[in-house]
$ cat entry.pdb   # PDB, C-alpha atoms
ATOM      1  CA  MET A 169      97.486 100.108  74.915
ATOM      2  CA  PRO A 170      97.925 103.841  75.553
ATOM      3  CA  GLU A 171      96.049 105.314  78.494
ATOM      4  CA  PHE A 172      94.995 108.902  79.181
ATOM      5  CA  ASP A 173      94.846 111.034  82.322
ATOM      6  CA  GLN A 174      92.397 113.581  80.818
ATOM      7  CA  PRO A 175      90.545 111.754  78.026
ATOM      8  CA  LEU A 176      88.126 114.655  77.400
ATOM      9  CA  TRP A 177      90.937 116.502  75.627
ATOM     10  CA  LEU A 178      90.700 113.884  72.873
ATOM     11  CA  LEU A 179      87.631 115.775  71.600
ATOM     12  CA  ALA A 180      90.106 118.383  70.364
ATOM     13  CA  LEU A 181      91.162 115.874  67.690
ATOM     14  CA  LEU A 182      88.233 117.196  65.658
ATOM     15  CA  LEU A 183      90.221 120.408  65.194
ATOM     16  CA  ALA A 184      92.747 118.417  63.148
ATOM     17  CA  LEU A 185      90.210 118.497  60.275
ATOM     18  CA  LEU A 186      90.298 122.307  60.031
ATOM     19  CA  PRO A 187      93.434 122.559  57.844
ATOM     20  CA  TRP A 188      91.698 120.472  55.143
ATOM     21  CA  TRP A 189      88.791 122.913  55.119
ATOM     22  CA  ARG A 190      90.665 126.225  55.431
ATOM     23  CA  HIS A 191      94.308 126.303  54.340
ATOM     24  CA  GLY A 192      95.161 129.763  55.709
ATOM     25  CA  GLN A 193      97.464 130.677  52.819
ATOM     26  CA  GLN A 194      97.352 133.919  50.829
ATOM     27  CA  ARG A 195      95.221 133.818  47.732
ATOM     28  CA  VAL A 196      96.516 135.066  44.374
ATOM     29  CA  ASP A 197      93.947 136.325  41.874
ATOM     30  CA  TRP A 198      94.217 134.745  38.442
ATOM     31  CA  ALA A 199      91.875 134.992  35.505
ATOM     32  CA  ASP A 200      91.559 131.294  34.773
ATOM     33  CA  LEU A 201      93.534 128.455  36.384
ATOM     34  CA  ARG A 202      93.047 126.425  33.244
ATOM     35  CA  ALA A 203      95.502 128.777  31.588
ATOM     36  CA  LEU A 204      98.221 127.581  33.958
ATOM     37  CA  PRO A 205     100.117 124.322  33.496
ATOM     38  CA  PRO A 206      99.660 121.604  36.180
ATOM     39  CA  ASP A 207     101.995 122.217  39.147
ATOM     40  CA  ARG A 208     102.452 118.932  41.041
ATOM     41  CA  LEU A 209     105.143 120.378  43.298
ATOM     42  CA  SER A 210     102.832 123.132  44.537
ATOM     43  CA  ARG A 211     100.099 120.604  45.215
ATOM     44  CA  ALA A 212     102.548 118.447  47.142
ATOM     45  CA  VAL A 213     103.734 121.405  49.214
ATOM     46  CA  ASP A 214     100.135 122.405  49.905
ATOM     47  CA  GLY A 215      99.267 118.887  51.065
ATOM     48  CA  ALA A 216     102.369 118.707  53.257
ATOM     49  CA  LEU A 217     101.535 122.005  54.973
ATOM     50  CA  ARG A 218      97.947 120.934  55.603
ATOM     51  CA  ALA A 219      99.154 117.591  56.985
ATOM     52  CA  SER A 220     101.658 119.392  59.257
ATOM     53  CA  ALA A 221      98.917 121.606  60.654
ATOM     54  CA  SER A 222      96.651 118.587  61.293
ATOM     55  CA  LEU A 223      99.496 116.685  62.899
ATOM     56  CA  ALA A 224     100.342 119.630  65.174
ATOM     57  CA  LEU A 225      96.735 119.899  66.391
ATOM     58  CA  ALA A 226      96.413 116.135  66.925
ATOM     59  CA  ALA A 227      99.743 115.933  68.796
ATOM     60  CA  ALA A 228      98.709 118.839  71.039
ATOM     61  CA  ALA A 229      95.413 117.067  71.821
ATOM     62  CA  PHE A 230      97.218 113.840  72.793
ATOM     63  CA  SER A 231      99.676 115.777  74.965
ATOM     64  CA  LEU A 232      96.912 117.660  76.811
ATOM     65  CA  ALA A 233      95.101 114.344  77.363
ATOM     66  CA  GLY A 234      98.150 113.027  79.273
ATOM     67  CA  VAL A 235      98.858 110.043  77.066
ATOM     68  CA  HIS A 236     101.032 107.342  78.635
ATOM     69  CA  ARG A 237     101.637 103.618  78.511
ATOM     70  CA  GLN A 238     101.528 101.466  81.635
ATOM     71  CA  ALA A 239     104.553  99.196  81.808
ATOM     72  CA  ALA A 240     103.927  95.521  82.528
ATOM     73  CA  PRO A 241     105.213  94.274  85.900
ATOM     74  CA  VAL A 242     108.456  92.312  85.849
ATOM     75  CA  GLU A 243     108.695  88.978  87.636
ATOM     76  CA  ARG A 244     111.528  88.838  90.162
ATOM     77  CA  SER A 245     112.857  85.939  92.180
ATOM     78  CA  GLY A 246     115.074  85.653  95.205
ATOM     79  CA  THR A 247     114.844  84.763  98.862
ATOM     80  CA  GLY A 248     112.612  86.444 101.371
ATOM     81  CA  ALA A 249     108.980  86.652 102.457
ATOM     82  CA  HIS A 250     105.728  88.538 102.200
ATOM     83  CA  ILE A 251     105.529  90.271 105.562
ATOM     84  CA  VAL A 252     102.603  92.296 106.918
ATOM     85  CA  VAL A 253     103.537  94.313 110.000
ATOM     86  CA  LEU A 254     100.542  94.745 112.313
ATOM     87  CA  LEU A 255     101.369  97.522 114.772
ATOM     88  CA  ASP A 256      99.487  98.392 117.941
ATOM     89  CA  ARG A 257      98.650 102.134 117.998
ATOM     90  CA  SER A 258      96.781 102.225 121.286
ATOM     91  CA  ALA A 259      97.565 104.902 123.854
ATOM     92  CA  SER A 260      99.623 102.518 125.998
ATOM     93  CA  MET A 261     102.291 102.229 123.277
ATOM     94  CA  ALA A 262     103.417 105.745 124.239
ATOM     95  CA  ASP A 263     104.450 104.417 127.669
ATOM     96  CA  GLY A 264     107.921 103.196 128.498
ATOM     97  CA  PHE A 265     108.868  99.582 129.107
ATOM     98  CA  ALA A 266     109.195 100.251 132.831
ATOM     99  CA  GLY A 267     105.640 101.518 133.230
ATOM    100  CA  SER A 268     103.312 104.381 132.423
ATOM    101  CA  ARG A 269     105.788 107.068 133.432
ATOM    102  CA  ARG A 270     108.720 107.521 131.130
ATOM    103  CA  GLN A 271     111.911 109.013 132.411
ATOM    104  CA  ALA A 272     113.691 111.758 130.487
ATOM    105  CA  GLY A 273     115.384 110.388 127.368
ATOM    106  CA  GLU A 274     113.687 106.987 127.616
ATOM    107  CA  GLU A 275     112.159 105.491 124.497
ATOM    108  CA  SER A 276     108.515 104.621 124.463
ATOM    109  CA  LYS A 277     107.473 101.169 123.347
ATOM    110  CA  GLY A 278     106.164 102.625 120.092
ATOM    111  CA  GLU A 279     109.404 104.494 119.377
ATOM    112  CA  ALA A 280     111.550 101.449 120.100
ATOM    113  CA  ALA A 281     109.381  99.259 117.887
ATOM    114  CA  ALA A 282     109.512 101.784 115.021
ATOM    115  CA  ARG A 283     113.309 102.134 115.282
ATOM    116  CA  LEU A 284     113.986  98.398 115.296
ATOM    117  CA  LEU A 285     111.437  97.612 112.586
ATOM    118  CA  ASP A 286     113.059 100.265 110.406
ATOM    119  CA  ALA A 287     116.376  98.432 110.694
ATOM    120  CA  PHE A 288     114.551  95.144 110.057
ATOM    121  CA  VAL A 289     113.121  96.466 106.769
ATOM    122  CA  SER A 290     116.488  97.937 105.732
ATOM    123  CA  GLN A 291     118.175  94.538 106.036
ATOM    124  CA  ARG A 292     115.575  92.599 104.024
ATOM    125  CA  LEU A 293     115.880  94.149 100.587
ATOM    126  CA  ARG A 294     114.036  91.382  98.710
ATOM    127  CA  ASP A 295     110.962  91.179 100.938
ATOM    128  CA  LEU A 296     107.548  92.663 100.258
ATOM    129  CA  PHE A 297     106.127  94.559 103.230
ATOM    130  CA  GLY A 298     102.680  95.732 104.181
ATOM    131  CA  VAL A 299     101.798  97.910 107.182
ATOM    132  CA  VAL A 300      98.544  97.909 109.160
ATOM    133  CA  PHE A 301      97.839  99.926 112.319
ATOM    134  CA  PHE A 302      95.162  99.069 114.841
ATOM    135  CA  SER A 303      93.753 100.583 117.987
ATOM    136  CA  THR A 304      90.008 101.045 118.396
ATOM    137  CA  ALA A 305      89.720 100.577 114.616
ATOM    138  CA  PRO A 306      92.238  99.199 112.082
ATOM    139  CA  MET A 307      93.856 101.238 109.303
ATOM    140  CA  ARG A 308      95.685  99.875 106.261
ATOM    141  CA  VAL A 309      98.657 102.198 105.841
ATOM    142  CA  LEU A 310     100.398 100.368 102.994
ATOM    143  CA  GLY A 311      99.631  97.254 100.991
ATOM    144  CA  LEU A 312     102.318  94.705 100.179
ATOM    145  CA  SER A 313     105.012  96.651  98.368
ATOM    146  CA  GLY A 314     108.655  96.406  97.391
ATOM    147  CA  ASP A 315     109.090 100.173  97.856
ATOM    148  CA  HIS A 316     111.073 100.045 101.083
ATOM    149  CA  ASP A 317     111.273 103.827 101.403
ATOM    150  CA  ALA A 318     107.483 103.953 101.607
ATOM    151  CA  VAL A 319     107.471 101.043 104.076
ATOM    152  CA  ARG A 320     109.993 102.732 106.334
ATOM    153  CA  ALA A 321     108.046 105.990 106.209
ATOM    154  CA  ALA A 322     104.872 104.143 107.202
ATOM    155  CA  ILE A 323     106.629 102.445 110.121
ATOM    156  CA  ALA A 324     108.226 105.732 111.235
ATOM    157  CA  SER A 325     104.767 107.305 111.511
ATOM    158  CA  SER A 326     103.844 104.729 114.160
ATOM    159  CA  ALA A 327     106.274 106.317 116.647
ATOM    160  CA  ALA A 328     103.831 109.173 117.288
ATOM    161  CA  PRO A 329     101.584 108.721 120.334
ATOM    162  CA  GLY A 330      98.430 106.784 119.545
ATOM    163  CA  ILE A 331      94.930 106.884 120.922
ATOM    164  CA  GLY A 332      92.180 104.400 121.658
ATOM    165  CA  LEU A 333      92.061 100.812 122.853
ATOM    166  CA  THR A 334      93.407  97.499 121.553
ATOM    167  CA  ASN A 335      90.924  96.032 119.051
ATOM    168  CA  ILE A 336      93.127  93.214 117.847
ATOM    169  CA  SER A 337      90.372  91.246 116.094
ATOM    170  CA  ALA A 338      89.714  93.851 113.379
ATOM    171  CA  GLY A 339      93.453  94.440 112.937
ATOM    172  CA  LEU A 340      94.159  90.752 112.348
ATOM    173  CA  THR A 341      91.371  90.495 109.772
ATOM    174  CA  MET A 342      92.576  93.521 107.793
ATOM    175  CA  ALA A 343      96.212  92.387 107.923
ATOM    176  CA  LEU A 344      95.361  88.900 106.627
ATOM    177  CA  GLU A 345      93.347  90.377 103.745
ATOM    178  CA  SER A 346      96.581  92.012 102.556
ATOM    179  CA  PHE A 347      97.691  88.611 101.228
ATOM    180  CA  ARG A 348      94.678  88.291  98.934
ATOM    181  CA  ASP A 349      95.470  88.191  95.185
ATOM    182  CA  GLN A 350      99.200  87.922  95.899
ATOM    183  CA  PRO A 351     101.396  85.244  94.226
ATOM    184  CA  ARG A 352     101.743  82.159  96.399
ATOM    185  CA  SER A 353     105.517  82.082  96.659
ATOM    186  CA  GLY A 354     107.858  82.439  99.591
ATOM    187  CA  SER A 355     106.698  82.697 103.180
ATOM    188  CA  ARG A 356     103.679  84.666 104.259
ATOM    189  CA  VAL A 357     104.289  86.242 107.624
ATOM    190  CA  LEU A 358     102.048  88.282 109.884
ATOM    191  CA  LEU A 359     104.239  90.146 112.384
ATOM    192  CA  LEU A 360     102.092  91.371 115.275
ATOM    193  CA  VAL A 361     103.687  93.939 117.594
ATOM    194  CA  SER A 362     101.546  94.948 120.564
ATOM    195  CA  ASP A 363     101.761  95.669 124.259
ATOM    196  CA  GLY A 364      98.346  94.303 125.103
ATOM    197  CA  ALA A 365      95.591  91.977 124.029
ATOM    198  CA  ALA A 366      91.842  91.787 123.884
ATOM    199  CA  SER A 367      89.254  89.054 123.790
ATOM    200  CA  ILE A 368      88.040  87.880 120.380
ATOM    201  CA  ASP A 369      84.413  86.825 120.063
ATOM    202  CA  ALA A 370      83.464  83.454 118.595
ATOM    203  CA  ARG A 371      82.399  84.799 115.193
ATOM    204  CA  ALA A 372      85.635  86.726 114.740
ATOM    205  CA  GLN A 373      87.631  83.643 115.776
ATOM    206  CA  VAL A 374      86.025  81.627 112.978
ATOM    207  CA  THR A 375      86.835  84.339 110.434
ATOM    208  CA  ILE A 376      90.454  84.727 111.560
ATOM    209  CA  ARG A 377      91.007  80.981 111.618
ATOM    210  CA  ARG A 378      89.608  80.667 108.075
ATOM    211  CA  LEU A 379      91.818  83.505 106.774
ATOM    212  CA  PHE A 380      94.957  81.960 108.253
ATOM    213  CA  GLN A 381      94.179  78.653 106.550
ATOM    214  CA  GLU A 382      93.170  80.314 103.268
ATOM    215  CA  HIS A 383      96.307  82.445 102.967
ATOM    216  CA  GLN A 384      98.665  79.922 104.624
ATOM    217  CA  ALA A 385     100.196  82.643 106.768
ATOM    218  CA  GLN A 386     102.545  82.297 109.718
ATOM    219  CA  LEU A 387     102.117  84.394 112.840
ATOM    220  CA  TYR A 388     104.811  85.979 114.980
ATOM    221  CA  TRP A 389     103.582  87.841 118.039
ATOM    222  CA  ILE A 390     106.057  90.207 119.691
ATOM    223  CA  TYR A 391     104.422  91.040 123.001
ATOM    224  CA  LEU A 392     105.803  94.199 124.629
ATOM    225  CA  ARG A 393     105.107  93.865 128.316
ATOM    226  CA  THR A 394     106.133  95.766 131.375
ATOM    227  CA  PRO A 395     108.349  93.861 133.852
ATOM    228  CA  ASN A 396     105.457  93.309 136.266
ATOM    229  CA  GLY A 397     102.785  92.914 133.606
ATOM    230  CA  ASN A 398     100.830  89.829 132.695
ATOM    231  CA  SER A 399     102.520  87.199 130.557
ATOM    232  CA  PRO A 400     100.693  85.277 127.808
ATOM    233  CA  THR A 401     102.316  82.086 129.083
ATOM    234  CA  ARG A 402     101.393  82.563 132.740
ATOM    235  CA  LEU A 403      98.410  80.468 133.758
ATOM    236  CA  PRO A 404      95.776  82.758 135.305
ATOM    237  CA  THR A 405      93.743  81.903 138.360
ATOM    238  CA  PRO A 406      90.792  79.549 137.781
ATOM    239  CA  ASP A 407      88.237  82.341 138.208
ATOM    240  CA  ALA A 408      90.022  84.683 135.738
ATOM    241  CA  GLY A 409      88.165  85.094 132.461
ATOM    242  CA  ALA A 410      89.195  86.372 129.038
ATOM    243  CA  ASP A 411      88.660  89.960 130.163
ATOM    244  CA  VAL A 412      90.995  89.546 133.151
ATOM    245  CA  ALA A 413      93.821  87.703 131.365
ATOM    246  CA  PRO A 414      93.317  88.427 127.639
ATOM    247  CA  GLU A 415      96.998  87.797 126.823
ATOM    248  CA  TYR A 416      96.803  84.186 128.003
ATOM    249  CA  TYR A 417      93.621  83.352 126.117
ATOM    250  CA  LEU A 418      94.825  85.132 122.974
ATOM    251  CA  ASP A 419      98.027  83.068 123.033
ATOM    252  CA  ARG A 420      95.953  79.886 123.399
ATOM    253  CA  PHE A 421      93.821  80.924 120.426
ATOM    254  CA  PHE A 422      96.927  81.592 118.303
ATOM    255  CA  SER A 423      98.400  78.237 119.286
ATOM    256  CA  ASP A 424      95.233  76.484 118.107
ATOM    257  CA  LEU A 425      95.045  78.190 114.683
ATOM    258  CA  GLY A 426      96.611  75.287 112.824
ATOM    259  CA  SER A 427      99.218  77.668 111.336
ATOM    260  CA  PRO A 428     102.846  78.144 112.396
ATOM    261  CA  TYR A 429     102.948  80.464 115.396
ATOM    262  CA  ARG A 430     105.664  81.798 117.659
ATOM    263  CA  LEU A 431     105.478  84.117 120.664
ATOM    264  CA  TYR A 432     108.200  86.550 121.757
ATOM    265  CA  GLU A 433     107.999  88.452 125.021
ATOM    266  CA  ALA A 434     110.033  91.640 125.205
ATOM    267  CA  ASP A 435     110.187  93.728 128.356
ATOM    268  CA  ASN A 436     112.999  96.019 127.172
ATOM    269  CA  PRO A 437     114.416  97.333 123.873
ATOM    270  CA  ARG A 438     117.198  94.735 123.861
ATOM    271  CA  ALA A 439     114.726  91.852 124.087
ATOM    272  CA  LEU A 440     112.654  93.462 121.328
ATOM    273  CA  ALA A 441     115.731  93.690 119.096
ATOM    274  CA  HIS A 442     116.523  90.019 119.747
ATOM    275  CA  ALA A 443     112.974  88.997 118.790
ATOM    276  CA  ILE A 444     113.104  90.934 115.516
ATOM    277  CA  GLU A 445     116.520  89.464 114.687
ATOM    278  CA  ASP A 446     115.140  85.970 115.280
ATOM    279  CA  VAL A 447     112.224  86.610 112.898
ATOM    280  CA  SER A 448     114.642  87.892 110.263
ATOM    281  CA  ARG A 449     116.771  84.772 110.571
ATOM    282  CA  LEU A 450     113.842  82.364 110.332
ATOM    283  CA  GLN A 451     112.126  83.913 107.308
ATOM    284  CA  ASN A 452     114.466  83.453 104.370
ATOM    285  CA  GLN A 453     112.680  81.249 101.833
ATOM    286  CA  PRO A 454     112.611  81.217  97.985
ATOM    287  CA  LEU A 455     110.425  84.068  96.782
ATOM    288  CA  ARG A 456     108.806  85.020  93.467
ATOM    289  CA  TYR A 457     106.911  88.266  93.015
ATOM    290  CA  LEU A 458     105.822  90.814  90.427
ATOM    291  CA  GLN A 459     107.610  94.150  90.669
ATOM    292  CA  PRO A 460     105.584  97.097  89.308
ATOM    293  CA  GLN A 461     107.367  99.240  86.724
ATOM    294  CA  PRO A 462     106.951 102.990  86.248
ATOM    295  CA  ARG A 463     104.687 104.038  83.428
ATOM    296  CA  ARG A 464     106.128 105.446  80.222
ATOM    297  CA  GLU A 465     105.129 109.041  79.572
ATOM    298  CA  LEU A 466     104.359 109.724  75.886
ATOM    299  CA  ALA A 467     103.228 113.342  76.198
ATOM    300  CA  ARG A 468     106.732 114.761  75.732
ATOM    301  CA  GLY A 469     107.107 112.988  72.414
ATOM    302  CA  PHE A 470     103.846 114.504  71.191
ATOM    303  CA  ASP A 471     104.983 117.925  72.434
ATOM    304  CA  ALA A 472     108.145 117.626  70.347
ATOM    305  CA  LEU A 473     106.133 116.528  67.300
ATOM    306  CA  ALA A 474     103.705 119.449  67.646
ATOM    307  CA  LEU A 475     106.609 121.885  68.018
ATOM    308  CA  ALA A 476     108.366 120.529  64.910
ATOM    309  CA  CYS A 477     105.180 120.872  62.845
ATOM    310  CA  VAL A 478     104.557 124.410  64.086
ATOM    311  CA  LEU A 479     108.147 125.424  63.233
ATOM    312  CA  LEU A 480     107.674 123.999  59.742
ATOM    313  CA  LEU A 481     104.491 126.026  59.282
ATOM    314  CA  LEU A 482     106.216 129.131  60.605
ATOM    315  CA  ALA A 483     109.081 128.679  58.163
ATOM    316  CA  ALA A 484     106.590 128.287  55.308
ATOM    317  CA  ARG A 485     104.828 131.496  56.381
ATOM    318  CA  LEU A 486     108.125 133.413  56.436
ATOM    319  CA  LEU A 487     108.909 132.227  52.902
ATOM    320  CA  GLU A 488     105.679 133.589  51.491
ATOM    321  CA  GLN A 489     106.026 136.630  49.215
ATOM    322  CA  PRO A 490     103.508 139.459  49.696
ATOM    323  CA  ARG A 491     101.676 140.493  46.546
ATOM    324  CA  TRP A 492     103.184 143.969  46.418
ATOM    325  CA  GLN A 493     106.715 142.543  46.335
ATOM    326  CA  ARG A 494     106.192 140.364  43.249
TER     327      ARG A 494
END
$ encode --input "entry.pdb" --output "structure tokens"
Amino acid sequence: MPEFDQPLWLLALLLALLPWWRHGQQRVDWADLRALPPDRLSRAVDGALRASASLALAAAAFSLAGVHRQAAPVERSGTGAHIVVLLDRSASMADGFAGSRRQAGEESKGEAAARLLDAFVSQRLRDLFGVVFFSTAPMRVLGLSGDHDAVRAAIASSAAPGIGLTNISAGLTMALESFRDQPRSGSRVLLLVSDGAASIDARAQVTIRRLFQEHQAQLYWIYLRTPNGNSPTRLPTPDAGADVAPEYYLDRFFSDLGSPYRLYEADNPRALAHAIEDVSRLQNQPLRYLQPQPRRELARGFDALALACVLLLLAARLLEQPRWQR
């Protein structure tokens, strides 16, 4: 069915009745029309001119209303995955891999992640990507989409220095909700890229565990750590709690989700590139998805129709003979 951007303009359709009330043609005085023979041609011409005027007004109303038709999505199939990239935007992502002080010309962890993820998206033409940022609060930048230019632009924006802390619980919840109402085909992958971790309270753990099971998603965690930083696989001291070694306890929680999970530790750009290449190689499953199609604009057709009717009326006006020339 047609849709309208400005439906209030449809009230102007009432103006299309005016030509049937006032014809706008010159009147010719005659003593008695009954003295004239019936002129069917004149009546036909008069009706055609009135209809042209009505059609011009109606077409102009539809054009001003922004009439269009939304195209139905087309089902595509191939190989790939539904991938949601969950990017850490905390202040520490602006640091280098070697520590808090970056040397001249050195990439920050955020810049390296954005550069390599851009190449990752460019190589996977059949995948659907979503992008979610998180720091103190999460932000959905882009839902699952096949528009890779938009995906790459969203990832490129993550290279700017971030602010805030690492609230990974809210980011995971928002990223997993991106899979809701999506066709269940191909792999569903949550790609977490962060340089830190945080403790997740018991209520949030229940929610995240339920969402992983509900959406049947796989988790890949690319942990960007400094060479002397804590490792998620390093057993902390017995008296160390979740606040002291959050990476270790977060890795244990991910391992106990009941969903496929893999951890990658990257302490330099080369290791980060290797981790992303490994994810790209593993996720290559049969995929079916609906690709949105651009809407079909109908306003131009109504513009052309209104113009044709107006030109016809103008030609009829030019053919009229003034009384004094008869």
$ resolve_selection --input "entry.pdb" --expression "the PyMOL selection byres ((chain A and resi 310-317) around 8)" --output "list of chain:residue names"
A:His250, A:Ile251, A:Val252, A:Val289, A:Ser290, A:Leu293, A:Arg294, A:Asp295, A:Leu296, A:Phe297, A:Gly298, A:Val299, A:Val300, A:Arg308, A:Val309, A:Ala318, A:Val319, A:Arg320, A:Ala321, A:Ala322, A:Ser346, A:Phe347, A:Gln459
$ atom_distance --input "entry.pdb" --atom1 "CA of Gln381 (chain A)" --atom2 "CA of Ala281 (chain A)"
28.0 Å
$ residues_around --input "entry.pdb" --residues "Leu333 (chain A)" --least-positions-apart "6" --cutoff "9 Å" --atoms "all atoms listed in the file" --output "JSON, numbers by chain"
{"A": [257, 258, 259, 260, 302, 303, 304, 305]}
$ closest_atom_pairs --input "entry.pdb" --of "region 232-308 of chain A" --to "region 174-180 of chain A" --cutoff "9 Å" --atoms "only C-alpha atoms" --output "CSV"
residue,atom,partner,partner_atom,distance
A:Leu232,CA,A:Trp177,CA,6.2
A:Ala233,CA,A:Gln174,CA,4.5
A:Gly234,CA,A:Gln174,CA,6.0
A:Val235,CA,A:Gln174,CA,8.3
$ resolve_selection --input "entry.pdb" --expression "the PyMOL selection byres ((chain A and resi 419) around 10)" --output "JSON, numbers by chain"
{"A": [365, 389, 399, 400, 401, 414, 415, 416, 417, 418, 420, 421, 422, 423, 424, 429, 430, 431]}
$ resolve_selection --input "entry.pdb" --expression "the PyMOL selection byres ((chain A and resi 473) around 12)" --output "PDB file with C-alpha atoms, in the coordinates of the input"
ATOM      1  CA  SER A 220     101.658 119.392  59.257  1.00  0.00           C
ATOM      2  CA  ALA A 221      98.917 121.606  60.654  1.00  0.00           C
ATOM      3  CA  SER A 222      96.651 118.587  61.293  1.00  0.00           C
ATOM      4  CA  LEU A 223      99.496 116.685  62.899  1.00  0.00           C
ATOM      5  CA  ALA A 224     100.342 119.630  65.174  1.00  0.00           C
ATOM      6  CA  LEU A 225      96.735 119.899  66.391  1.00  0.00           C
ATOM      7  CA  ALA A 226      96.413 116.135  66.925  1.00  0.00           C
ATOM      8  CA  ALA A 227      99.743 115.933  68.796  1.00  0.00           C
ATOM      9  CA  ALA A 228      98.709 118.839  71.039  1.00  0.00           C
ATOM     10  CA  ALA A 229      95.413 117.067  71.821  1.00  0.00           C
ATOM     11  CA  PHE A 230      97.218 113.840  72.793  1.00  0.00           C
ATOM     12  CA  SER A 231      99.676 115.777  74.965  1.00  0.00           C
ATOM     13  CA  LEU A 466     104.359 109.724  75.886  1.00  0.00           C
ATOM     14  CA  ALA A 467     103.228 113.342  76.198  1.00  0.00           C
ATOM     15  CA  ARG A 468     106.732 114.761  75.732  1.00  0.00           C
ATOM     16  CA  GLY A 469     107.107 112.988  72.414  1.00  0.00           C
ATOM     17  CA  PHE A 470     103.846 114.504  71.191  1.00  0.00           C
ATOM     18  CA  ASP A 471     104.983 117.925  72.434  1.00  0.00           C
ATOM     19  CA  ALA A 472     108.145 117.626  70.347  1.00  0.00           C
ATOM     20  CA  ALA A 474     103.705 119.449  67.646  1.00  0.00           C
ATOM     21  CA  LEU A 475     106.609 121.885  68.018  1.00  0.00           C
ATOM     22  CA  ALA A 476     108.366 120.529  64.910  1.00  0.00           C
ATOM     23  CA  CYS A 477     105.180 120.872  62.845  1.00  0.00           C
ATOM     24  CA  VAL A 478     104.557 124.410  64.086  1.00  0.00           C
ATOM     25  CA  LEU A 479     108.147 125.424  63.233  1.00  0.00           C
ATOM     26  CA  LEU A 480     107.674 123.999  59.742  1.00  0.00           C
TER      27      LEU A 480
END
$ closest_residue --input "entry.pdb" --among "A:Ser337, A:Gln291, A:Ser362, A:Asn398" --to "Val374 (chain A)" --atoms "all atoms listed in the file"
A:Ser337
$ atom_distance --input "entry.pdb" --atom1 "CA of Asp435 (chain A)" --atom2 "CA of Arg292 (chain A)"
24.9 Å
$ residues_around --input "entry.pdb" --residues "Ile376 (chain A)" --least-positions-apart "4" --cutoff "9 Å" --atoms "only C-alpha atoms" --output "list in words"
Ser337, Leu340, Thr341, Leu344, Arg371, Ala372, Phe380, Gln381 and Leu425 of chain A
$ residues_around --input "entry.pdb" --residues "Ala324 (chain A)" --least-positions-apart "3" --cutoff "9 Å" --atoms "all atoms listed in the file" --output "count of residues only"
10
